[in-house]
$ cat work.tsv   # TSV, C-alpha atoms (C1' of nucleotides)
chain	number	residue	atom	x	y	z
A	1	MET	CA	-24.88	158.64	159.98
A	2	SER	CA	-26.30	158.04	156.56
A	3	LYS	CA	-29.35	156.08	157.62
A	4	ASN	CA	-31.86	157.65	159.92
A	5	LEU	CA	-32.98	156.51	163.31
A	6	LEU	CA	-36.03	154.45	162.44
A	7	GLN	CA	-34.14	152.75	159.64
A	8	ASN	CA	-31.53	151.68	162.13
A	9	GLU	CA	-34.08	150.53	164.66
A	10	LEU	CA	-35.73	148.32	162.08
A	11	LYS	CA	-32.41	147.26	160.58
A	12	LYS	CA	-33.93	148.26	157.30
A	13	LYS	CA	-31.50	147.86	154.45
A	14	ARG	CA	-33.14	150.14	151.93
A	15	PRO	CA	-34.47	153.63	152.47
A	16	PHE	CA	-38.21	154.09	152.81
A	17	ASP	CA	-40.41	153.89	149.75
A	18	SER	CA	-41.91	157.27	150.60
A	19	MET	CA	-41.99	159.91	153.29
A	20	GLU	CA	-45.55	158.83	153.97
A	21	GLN	CA	-44.34	155.33	154.72
A	22	GLU	CA	-41.61	156.61	156.99
A	23	ALA	CA	-44.00	158.78	158.95
A	24	LEU	CA	-46.56	156.00	159.20
A	25	LEU	CA	-44.02	153.53	160.53
A	26	ASN	CA	-42.81	156.14	162.98
A	27	ILE	CA	-46.33	156.54	164.30
A	28	LEU	CA	-46.90	152.81	164.64
A	29	ARG	CA	-43.57	152.21	166.33
A	30	THR	CA	-43.85	155.09	168.75
A	31	ASN	CA	-47.31	153.95	169.70
A	32	ASP	CA	-46.15	150.40	170.33
A	33	GLN	CA	-43.35	151.49	172.59
A	34	PHE	CA	-45.48	153.89	174.57
A	35	GLN	CA	-48.35	151.44	174.91
A	36	ASN	CA	-45.83	148.99	176.22
A	37	ARG	CA	-44.75	151.35	178.97
A	38	LEU	CA	-48.26	152.34	179.86
A	39	GLY	CA	-49.33	148.72	179.99
A	40	ARG	CA	-46.61	147.94	182.48
A	41	LEU	CA	-47.71	150.70	184.80
A	42	PHE	CA	-51.35	149.68	184.67
A	43	ARG	CA	-50.52	146.05	185.23
A	44	GLU	CA	-49.13	146.93	188.65
A	45	PHE	CA	-52.67	147.94	189.52
A	46	TYR	CA	-54.23	144.87	187.89
A	47	LEU	CA	-55.60	146.97	185.07
A	48	THR	CA	-55.06	146.97	181.33
A	49	ALA	CA	-54.76	150.13	179.27
A	50	SER	CA	-58.27	149.65	177.90
A	51	GLN	CA	-59.74	149.16	181.34
A	52	TYR	CA	-58.03	152.29	182.61
A	53	ASN	CA	-59.34	154.13	179.58
A	54	VAL	CA	-62.91	153.12	180.39
A	55	LEU	CA	-62.55	154.21	184.00
A	56	ARG	CA	-61.07	157.57	182.96
A	57	ILE	CA	-63.90	158.19	180.55
A	58	LEU	CA	-66.45	157.43	183.25
A	59	ARG	CA	-64.73	159.70	185.72
A	60	GLY	CA	-64.53	162.45	183.12
A	61	GLU	CA	-68.21	162.22	182.43
A	62	GLY	CA	-69.03	162.30	186.13
A	63	LYS	CA	-72.22	160.31	185.77
A	64	PRO	CA	-73.35	156.88	184.51
A	65	MET	CA	-73.04	156.32	180.75
A	66	PRO	CA	-74.42	153.78	178.27
A	67	CYS	CA	-71.84	151.26	176.96
A	68	GLN	CA	-72.13	152.49	173.44
A	69	GLU	CA	-71.16	156.00	174.39
A	70	ILE	CA	-68.09	154.72	176.19
A	71	GLY	CA	-67.19	152.67	173.13
A	72	GLU	CA	-67.50	155.71	170.90
A	73	ARG	CA	-64.91	157.63	172.87
A	74	MET	CA	-62.48	154.80	172.53
A	75	VAL	CA	-61.62	153.73	169.03
A	76	GLN	CA	-63.13	150.34	169.53
A	77	VAL	CA	-66.11	148.63	168.20
A	78	VAL	CA	-68.96	147.84	170.55
A	79	PRO	CA	-68.64	144.05	170.93
A	80	ALA	CA	-65.31	144.40	172.67
A	81	MET	CA	-66.94	146.53	175.32
A	82	THR	CA	-69.03	143.69	176.67
A	83	GLY	CA	-66.10	141.57	177.76
A	84	LEU	CA	-64.17	144.59	178.95
A	85	LEU	CA	-67.06	145.64	181.16
A	86	ASP	CA	-67.56	142.07	182.36
A	87	ARG	CA	-64.02	142.09	183.76
A	88	LEU	CA	-64.33	145.54	185.27
A	89	GLU	CA	-67.58	144.47	186.90
A	90	ALA	CA	-65.98	141.28	188.23
A	91	GLN	CA	-63.22	143.41	189.77
A	92	GLY	CA	-65.83	145.61	191.41
A	93	HIS	CA	-64.85	148.74	189.49
A	94	ILE	CA	-68.17	149.33	187.75
A	95	ARG	CA	-71.85	148.57	188.17
A	96	ARG	CA	-74.32	147.90	185.35
A	97	GLU	CA	-77.85	149.16	185.51
A	98	ARG	CA	-80.53	148.78	182.90
A	99	CYS	CA	-82.28	151.99	181.89
A	100	THR	CA	-85.96	152.00	182.77
A	101	GLU	CA	-87.15	154.20	179.91
A	102	ASP	CA	-85.32	152.37	177.16
A	103	ARG	CA	-84.75	148.85	178.33
A	104	ARG	CA	-82.20	148.19	175.59
A	105	VAL	CA	-79.58	150.45	177.08
A	106	VAL	CA	-77.37	149.57	180.02
A	107	TYR	CA	-75.87	152.33	182.11
A	108	ILE	CA	-72.38	151.93	183.50
A	109	GLU	CA	-71.44	153.52	186.79
A	110	LEU	CA	-68.12	153.86	188.58
A	111	THR	CA	-67.89	152.34	192.04
A	112	ASP	CA	-66.16	154.09	194.93
A	113	SER	CA	-63.30	151.60	194.82
A	114	ALA	CA	-62.67	152.52	191.20
A	115	LYS	CA	-62.61	156.20	192.10
A	116	ASP	CA	-60.03	155.45	194.77
A	117	LEU	CA	-57.95	153.47	192.33
A	118	LEU	CA	-58.05	156.29	189.79
A	119	ARG	CA	-56.90	158.79	192.39
A	120	GLN	CA	-54.03	156.48	193.26
A	121	LEU	CA	-53.06	156.28	189.60
A	122	ASP	CA	-53.19	159.99	188.81
A	123	ALA	CA	-49.70	160.84	189.97
A	124	PRO	CA	-47.86	157.86	188.46
A	125	VAL	CA	-49.69	158.27	185.17
A	126	ASN	CA	-48.83	161.93	184.86
A	127	GLU	CA	-45.29	161.14	185.84
A	128	LEU	CA	-45.03	158.52	183.12
A	129	HIS	CA	-46.43	160.94	180.56
A	130	HIS	CA	-43.76	163.35	181.57
A	131	GLN	CA	-41.09	160.70	181.48
A	132	LEU	CA	-42.10	159.65	177.98
A	133	LEU	CA	-42.53	163.08	176.45
A	134	GLY	CA	-41.12	165.60	178.89
A	135	HIS	CA	-37.88	165.87	176.93
A	136	LEU	CA	-39.72	167.59	174.10
A	137	LYS	CA	-40.03	171.34	174.31
A	138	PRO	CA	-43.51	172.84	174.61
A	139	THR	CA	-43.25	174.06	171.03
A	140	GLU	CA	-42.39	170.59	169.87
A	141	LEU	CA	-45.22	168.97	171.80
A	142	ASN	CA	-47.58	171.44	170.27
A	143	GLN	CA	-46.23	170.85	166.78
A	144	LEU	CA	-46.51	167.12	167.26
A	145	SER	CA	-50.12	167.32	168.39
A	146	ARG	CA	-51.05	169.62	165.52
A	147	LEU	CA	-49.36	167.39	162.95
A	148	LEU	CA	-51.09	164.28	164.27
A	149	GLU	CA	-54.43	166.03	164.25
A	150	LYS	CA	-53.84	167.04	160.68
A	151	ALA	CA	-52.79	163.49	159.86
A	152	ARG	CA	-56.09	162.16	161.19
A	153	LEU	CA	-58.10	164.37	158.87
A	154	SER	CA	-57.81	161.64	156.25
A	155	VAL	CA	-59.78	159.13	158.29
A	156	GLN	CA	-62.87	161.07	159.16
A	157	SER	CA	-65.63	158.63	158.50
A	158	LYS	CA	-65.91	154.95	159.05
A	159	PRO	CA	-67.38	153.14	156.09
A	160	PRO	CA	-70.53	151.22	157.18
B	1	MET	CA	-63.54	176.94	168.41
B	2	SER	CA	-62.31	177.05	171.95
B	3	LYS	CA	-61.62	173.35	172.35
B	4	ASN	CA	-59.15	171.67	170.07
B	5	LEU	CA	-59.68	168.80	167.71
B	6	LEU	CA	-58.73	165.87	169.88
B	7	GLN	CA	-60.74	167.23	172.76
B	8	ASN	CA	-63.78	167.28	170.51
B	9	GLU	CA	-63.16	163.81	169.19
B	10	LEU	CA	-62.98	162.43	172.68
B	11	LYS	CA	-65.84	164.61	173.89
B	12	LYS	CA	-63.54	165.58	176.66
B	13	LYS	CA	-65.06	168.17	178.94
B	14	ARG	CA	-61.93	169.49	180.54
B	15	PRO	CA	-58.70	170.53	178.86
B	16	PHE	CA	-55.75	168.16	179.00
B	17	ASP	CA	-53.77	167.84	182.19
B	18	SER	CA	-50.57	168.56	180.30
B	19	MET	CA	-49.20	168.99	176.81
B	20	GLU	CA	-47.48	165.66	177.27
B	21	GLN	CA	-50.84	164.01	177.86
B	22	GLU	CA	-52.33	165.69	174.83
B	23	ALA	CA	-49.48	164.59	172.58
B	24	LEU	CA	-49.57	161.05	173.95
B	25	LEU	CA	-53.29	160.70	173.36
B	26	ASN	CA	-52.82	162.09	169.88
B	27	ILE	CA	-50.25	159.43	169.15
B	28	LEU	CA	-52.41	156.62	170.50
B	29	ARG	CA	-55.49	157.77	168.67
B	30	THR	CA	-53.78	158.34	165.34
B	31	ASN	CA	-52.22	154.93	165.58
B	32	ASP	CA	-55.55	153.27	166.30
B	33	GLN	CA	-57.24	154.87	163.34
B	34	PHE	CA	-54.42	154.09	160.95
B	35	GLN	CA	-54.07	150.51	162.15
B	36	ASN	CA	-57.75	150.15	161.56
B	37	ARG	CA	-57.45	151.20	157.95
B	38	LEU	CA	-54.39	149.07	157.33
B	39	GLY	CA	-56.07	146.07	158.92
B	40	ARG	CA	-58.98	146.38	156.54
B	41	LEU	CA	-56.74	146.38	153.51
B	42	PHE	CA	-54.79	143.36	154.68
B	43	ARG	CA	-57.93	141.47	155.53
B	44	GLU	CA	-58.94	141.53	151.88
B	45	PHE	CA	-55.86	139.42	151.30
B	46	TYR	CA	-56.51	137.15	154.28
B	47	LEU	CA	-53.62	138.68	156.18
B	48	THR	CA	-53.35	140.60	159.43
B	49	ALA	CA	-51.08	143.59	159.89
B	50	SER	CA	-48.63	141.49	161.92
B	51	GLN	CA	-48.51	138.78	159.29
B	52	TYR	CA	-47.86	141.33	156.57
B	53	ASN	CA	-45.15	142.82	158.73
B	54	VAL	CA	-43.38	139.46	159.02
B	55	LEU	CA	-43.56	138.89	155.28
B	56	ARG	CA	-42.20	142.37	154.56
B	57	ILE	CA	-39.30	141.84	156.93
B	58	LEU	CA	-38.44	138.54	155.27
B	59	ARG	CA	-38.60	140.08	151.82
B	60	GLY	CA	-36.43	142.97	152.95
B	61	GLU	CA	-33.81	140.61	154.28
B	62	GLY	CA	-33.82	138.60	151.11
B	63	LYS	CA	-32.80	135.36	152.80
B	64	PRO	CA	-34.08	133.04	155.55
B	65	MET	CA	-34.00	134.44	159.08
B	66	PRO	CA	-34.30	132.99	162.59
B	67	CYS	CA	-37.62	133.74	164.34
B	68	GLN	CA	-35.94	135.73	167.04
B	69	GLU	CA	-34.44	138.15	164.57
B	70	ILE	CA	-37.83	138.69	162.98
B	71	GLY	CA	-39.32	139.29	166.42
B	72	GLU	CA	-36.67	141.88	167.20
B	73	ARG	CA	-37.57	143.97	164.19
B	74	MET	CA	-41.16	144.01	165.25
B	75	VAL	CA	-41.93	145.48	168.62
B	76	GLN	CA	-43.21	142.21	169.92
B	77	VAL	CA	-41.98	139.70	172.32
B	78	VAL	CA	-40.92	136.33	170.99
B	79	PRO	CA	-43.74	134.03	172.23
B	80	ALA	CA	-46.21	135.72	169.94
B	81	MET	CA	-44.04	134.83	166.95
B	82	THR	CA	-44.68	131.12	167.29
B	83	GLY	CA	-48.41	131.33	166.72
B	84	LEU	CA	-47.99	133.98	164.08
B	85	LEU	CA	-45.59	131.77	162.15
B	86	ASP	CA	-47.84	128.74	162.65
B	87	ARG	CA	-50.61	130.56	160.79
B	88	LEU	CA	-48.35	131.84	158.05
B	89	GLU	CA	-47.02	128.32	157.59
B	90	ALA	CA	-50.54	126.90	157.45
B	91	GLN	CA	-51.37	129.43	154.73
B	92	GLY	CA	-48.30	128.34	152.79
B	93	HIS	CA	-46.57	131.72	153.05
B	94	ILE	CA	-43.46	130.55	154.90
B	95	ARG	CA	-41.40	127.44	155.48
B	96	ARG	CA	-39.58	126.55	158.71
B	97	GLU	CA	-36.23	124.87	158.65
B	98	ARG	CA	-34.12	123.92	161.62
B	99	CYS	CA	-30.53	125.11	161.50
B	100	THR	CA	-28.03	122.26	161.34
B	101	GLU	CA	-25.22	124.02	163.20
B	102	ASP	CA	-27.28	125.27	166.10
B	103	ARG	CA	-30.27	123.01	166.41
B	104	ARG	CA	-32.06	125.46	168.70
B	105	VAL	CA	-32.70	127.99	165.97
B	106	VAL	CA	-35.36	127.72	163.32
B	107	TYR	CA	-34.92	129.54	160.02
B	108	ILE	CA	-37.95	131.06	158.34
B	109	GLU	CA	-38.12	131.32	154.58
B	110	LEU	CA	-40.60	133.02	152.27
B	111	THR	CA	-42.40	130.82	149.76
B	112	ASP	CA	-42.98	131.87	146.17
B	113	SER	CA	-46.68	132.31	146.81
B	114	ALA	CA	-45.86	134.79	149.56
B	115	LYS	CA	-43.62	136.73	147.22
B	116	ASP	CA	-46.44	136.91	144.70
B	117	LEU	CA	-48.85	138.08	147.37
B	118	LEU	CA	-46.43	140.79	148.48
B	119	ARG	CA	-46.04	142.03	144.92
B	120	GLN	CA	-49.81	142.19	144.63
B	121	LEU	CA	-49.98	144.22	147.81
B	122	ASP	CA	-47.26	146.74	147.01
B	123	ALA	CA	-49.42	149.12	145.01
B	124	PRO	CA	-52.48	149.16	147.29
B	125	VAL	CA	-50.30	149.54	150.38
B	126	ASN	CA	-48.40	152.50	148.98
B	127	GLU	CA	-51.65	153.98	147.82
B	128	LEU	CA	-53.13	153.67	151.30
B	129	HIS	CA	-50.04	155.28	152.84
B	130	HIS	CA	-50.53	158.13	150.45
B	131	GLN	CA	-54.22	158.34	151.18
B	132	LEU	CA	-53.58	158.47	154.90
B	133	LEU	CA	-50.71	160.93	154.93
B	134	GLY	CA	-50.44	162.41	151.45
B	135	HIS	CA	-52.27	165.54	152.53
B	136	LEU	CA	-49.28	166.56	154.65
B	137	LYS	CA	-46.59	168.57	152.97
B	138	PRO	CA	-43.11	167.00	152.68
B	139	THR	CA	-41.86	169.43	155.31
B	140	GLU	CA	-44.61	168.35	157.65
B	141	LEU	CA	-43.99	164.65	157.08
B	142	ASN	CA	-40.36	165.22	157.82
B	143	GLN	CA	-41.13	167.23	160.95
B	144	LEU	CA	-43.51	164.55	162.13
B	145	SER	CA	-40.97	161.77	161.66
B	146	ARG	CA	-38.26	163.75	163.44
B	147	LEU	CA	-40.54	164.59	166.37
B	148	LEU	CA	-41.61	160.96	166.77
B	149	GLU	CA	-38.00	159.82	166.64
B	150	LYS	CA	-37.15	162.31	169.32
B	151	ALA	CA	-40.15	161.18	171.33
B	152	ARG	CA	-38.90	157.60	171.27
B	153	LEU	CA	-35.56	158.57	172.77
B	154	SER	CA	-37.15	158.21	176.20
B	155	VAL	CA	-37.78	154.49	175.76
B	156	GLN	CA	-34.39	153.26	174.69
B	157	SER	CA	-33.95	150.18	176.78
B	158	LYS	CA	-36.33	147.50	177.86
B	159	PRO	CA	-36.02	146.65	181.54
B	160	PRO	CA	-35.27	142.91	181.96
C	1	DT	C1'	-102.66	147.46	165.26
C	2	DG	C1'	-99.03	145.26	163.57
C	3	DT	C1'	-95.22	144.56	161.26
C	4	DA	C1'	-90.51	146.01	159.29
C	5	DG	C1'	-86.50	148.08	160.32
C	6	DA	C1'	-83.37	150.37	163.54
C	7	DT	C1'	-80.81	150.16	167.75
C	8	DA	C1'	-78.36	148.41	172.28
C	9	DG	C1'	-76.22	144.90	173.91
C	10	DT	C1'	-74.50	140.10	173.92
C	11	DT	C1'	-72.35	135.87	172.11
C	12	DT	C1'	-69.05	133.33	169.46
C	13	DA	C1'	-64.92	132.56	166.77
C	14	DC	C1'	-60.50	133.96	165.65
C	15	DG	C1'	-55.86	136.53	165.73
C	16	DC	C1'	-52.35	138.25	168.40
C	17	DG	C1'	-50.11	140.86	172.46
C	18	DT	C1'	-48.32	139.82	177.28
C	19	DA	C1'	-46.37	136.92	180.93
C	20	DA	C1'	-44.77	132.70	182.96
C	21	DG	C1'	-42.99	128.40	182.55
C	22	DA	C1'	-41.28	124.11	179.89
C	23	DT	C1'	-38.02	121.88	176.66
C	24	DA	C1'	-34.04	121.31	173.84
C	25	DT	C1'	-29.64	122.77	172.76
C	26	DC	C1'	-25.41	125.14	173.26
C	27	DT	C1'	-21.35	127.19	175.97
C	28	DG	C1'	-18.08	127.85	179.49
C	29	DA	C1'	-16.00	126.77	183.98
C	30	DC	C1'	-14.34	123.31	186.59
D	1	DG	C1'	-16.35	115.17	180.59
D	2	DT	C1'	-19.90	117.22	183.19
D	3	DC	C1'	-22.75	120.40	185.16
D	4	DA	C1'	-24.62	125.35	185.51
D	5	DG	C1'	-26.33	128.84	183.10
D	6	DA	C1'	-27.56	131.04	178.71
D	7	DT	C1'	-30.27	130.85	174.58
D	8	DA	C1'	-34.00	129.61	170.97
D	9	DT	C1'	-38.26	128.04	170.65
D	10	DC	C1'	-42.65	126.37	172.14
D	11	DT	C1'	-46.71	126.03	175.36
D	12	DT	C1'	-50.35	127.76	178.11
D	13	DA	C1'	-53.37	131.20	180.06
D	14	DC	C1'	-55.45	135.50	179.72
D	15	DG	C1'	-57.06	140.17	177.75
D	16	DC	C1'	-58.91	142.43	174.05
D	17	DG	C1'	-59.55	143.89	168.96
D	18	DT	C1'	-62.36	142.42	164.77
D	19	DA	C1'	-66.33	140.44	162.42
D	20	DA	C1'	-70.68	138.09	162.14
D	21	DA	C1'	-74.77	136.48	163.99
D	22	DC	C1'	-78.28	136.66	167.65
D	23	DT	C1'	-81.77	138.68	171.18
D	24	DA	C1'	-84.51	142.14	173.08
D	25	DT	C1'	-86.47	146.42	172.66
D	26	DC	C1'	-87.99	150.50	170.47
D	27	DT	C1'	-89.91	153.35	166.47
D	28	DA	C1'	-92.24	154.42	162.34
D	29	DC	C1'	-95.37	153.79	158.97
D	30	DA	C1'	-98.98	151.55	156.53

$ encode --input "work.tsv" --output "structure tokens"
Amino acid sequence: MSKNLLQNELKKKRPFDSMEQEALLNILRTNDQFQNRLGRLFREFYLTASQYNVLRILRGEGKPMPCQEIGERMVQVVPAMTGLLDRLEAQGHIRRERCTEDRRVVYIELTDSAKDLLRQLDAPVNELHHQLLGHLKPTELNQLSRLLEKARLSVQSKPP
Amino acid sequence: MSKNLLQNELKKKRPFDSMEQEALLNILRTNDQFQNRLGRLFREFYLTASQYNVLRILRGEGKPMPCQEIGERMVQVVPAMTGLLDRLEAQGHIRRERCTEDRRVVYIELTDSAKDLLRQLDAPVNELHHQLLGHLKPTELNQLSRLLEKARLSVQSKPP
DNA sequence: TGTAGATAGTTTACGCGTAAGATATCTGAC
DNA sequence: GTCAGATATCTTACGCGTAAACTATCTACA
């Protein structure tokens, strides 16, 4: 075929303006499709991808964390965290506790029910990862990760 | 360094469960950062990334298109299109026109002001693409696109 | 001491993604 | 011709990303 895969998917009539554009669109599209699949899995457990992300971060840390620190490990800006945590709290997955030394900071702690839920999700999540990317050879997965890491070098610092 | 780049960015304490997981997180994170930068550029022109996407699709087609067809070229589901188009219409960037043969379908047409806006955006957008990915060699860009295309092979069909 | 500026978190307003359901129109089987 | 089902669009409800403005608390420096 004369046109490549992404071009066909997007029914694009003309070739890409640049290889940078092609790669960028490939990243955005792949992300959308994968997020879609992940979202469907999480929804079965009444979670969103962001909520799952927060819970995973908390489990990884192993102890209560301030909201800001959680926000930093996601890409998001802080304000979004508030609502996200509100919903997780309402579902009984986290507890908030104000720090006694610095009363500005609020510590977030996983509840036991959240830990259970995460354990339940471990297998299906890994399985989905494998389903989505298991058809790539280890070399290819490694190449892909290295290329994406290199790609991100251009966006080091957030302007204020 | 013993830990890799992504692991450091995420302040992850333990290595990844699998290479699939690592690659997946790399995709999601790269996408987030790039979307962020793109969003900032579009915002200067009072557009969102989705709105720009719709306008680009319409320009590429060169003639009016039904909403559904626009939706198909984006990753999104149709319902989101309605609101998106409402806002573009309010800004004077598109016109809606009901088809006379099949009165269910609505054709969307670019206005002249939208075409002007797109022309204004062409240079800055290409420049940003280059800023984000220009540090990769052509071979690498090509590799990256091919790997992402291969990655997407696992999500061919949407379940009903 | 006391006051300015930094910092953590929240609130509000808006855009848009998802799902579920409603409405209008078209098509095909009878 | 009519009725069932498909199809195109819209509506509503909810989650969450972004920005901007606000509150409470802490810190530093005069």

$ atom_distance --input "work.tsv" --atom1 "atom CA of Tyr46 of chain B" --atom2 "atom CA of Leu24 of chain A"
21.9 Å

$ residues_around --input "work.tsv" --residues "DA28 of chain D" --least-positions-apart "5" --cutoff "12 Å" --atoms "only C-alpha atoms (C1' of nucleotides)" --output "list of chain:residue names"
C:DG2, C:DT3, C:DA4, C:DG5, C:DA6

$ residues_around --input "work.tsv" --residues "segment 13-22 of chain D" --least-positions-apart "2" --cutoff "8 Å" --atoms "only C-alpha atoms (C1' of nucleotides)" --output "list in words"
Thr48, Gln76, Ala80 and Leu84 of chain A; DT11 of chain C

$ write_last_selection --input "work.tsv" --atoms "C-alpha atoms (C1' of nucleotides)" --output "PDB file, keeping the file's coordinate frame"
ATOM      1  CA  THR A  48     -55.060 146.970 181.330  1.00  0.00           C
ATOM      2  CA  GLN A  76     -63.130 150.340 169.530  1.00  0.00           C
ATOM      3  CA  ALA A  80     -65.310 144.400 172.670  1.00  0.00           C
ATOM      4  CA  LEU A  84     -64.170 144.590 178.950  1.00  0.00           C
TER       5      LEU A  84
ATOM      6  C1'  DT C  11     -72.350 135.870 172.110  1.00  0.00           C
TER       7       DT C  11
END

$ closest_residue --input "work.tsv" --among "A:Met74, A:Leu88, A:Ala123, A:Ala49" --to "chain B" --atoms "all atoms listed in the file"
A:Met74

$ closest_residue --input "work.tsv" --among "D:DA30, D:DT7, D:DT12, D:DT25" --to "chain A" --atoms "all atoms listed in the file"
D:DT25

$ interface_residues --input "work.tsv" --of "chain B" --to "chain A" --cutoff "8 Å" --atoms "all atoms listed in the file" --output "MDAnalysis selection string"
chainID B and resid 5:6 9:14 19:24 26:35 60:61 73:75 126 129:136 138 140:142 144:145 147:152 154:155

$ closest_residue --input "work.tsv" --among "B:Gly39, B:Glu44, B:Pro64, B:His93" --to "chain D" --atoms "all atoms listed in the file"
B:Gly39

$ atom_distance --input "work.tsv" --atom1 "atom CA of Leu121 of chain B" --atom2 "atom CA of Ile108 of chain B"
20.7 Å

$ closest_atom_pairs --input "work.tsv" --of "chain C" --to "chain A" --cutoff "10 Å" --atoms "all atoms listed in the file" --output "JSON lines"
{"residue": "C:DT7", "atom": "C1'", "partner": "A:Arg104", "partner_atom": "CA", "distance": 8.2}
{"residue": "C:DA8", "atom": "C1'", "partner": "A:Arg104", "partner_atom": "CA", "distance": 5.1}
{"residue": "C:DG9", "atom": "C1'", "partner": "A:Arg104", "partner_atom": "CA", "distance": 7.0}
{"residue": "C:DT10", "atom": "C1'", "partner": "A:Thr82", "partner_atom": "CA", "distance": 7.1}
{"residue": "C:DT11", "atom": "C1'", "partner": "A:Pro79", "partner_atom": "CA", "distance": 9.1}
{"residue": "C:DG17", "atom": "C1'", "partner": "A:Asn36", "partner_atom": "CA", "distance": 9.9}
{"residue": "C:DT18", "atom": "C1'", "partner": "A:Gly39", "partner_atom": "CA", "distance": 9.4}

$ axis_aligned_box --input "work.tsv" --around "segment 11-17 of chain C" --padding-each-side "8 Å" --output "lines of an AutoDock Vina configuration file"
center_x = -61.2
center_y = 136.7
center_z = 169.1
size_x = 38.2
size_y = 24.3
size_z = 22.8

$ atom_distance --input "work.tsv" --atom1 "atom CA of Tyr107 of chain A" --atom2 "atom CA of Phe45 of chain A"
24.7 Å

$ interface_residues --input "work.tsv" --of "chain D" --to "chain B" --cutoff "9 Å" --atoms "only C-alpha atoms (C1' of nucleotides)" --output "list in words"
DT7, DA8, DT9 and DC10 of chain D

$ residues_around --input "work.tsv" --residues "DC30 of chain C" --least-positions-apart "2" --cutoff "12 Å" --atoms "all atoms listed in the file" --output "MDAnalysis selection string"
(chainID C and resid 28) or (chainID D and resid 1:4)

$ residues_near_point --input "work.tsv" --point "(-44.8, 135.3, 158.9)" --cutoff "7 Å" --atoms "all atoms listed in the file" --output "list of chain:residue names"
B:Gln51, B:Val54, B:Leu55, B:Leu84, B:Leu85, B:Leu88, B:Ile94
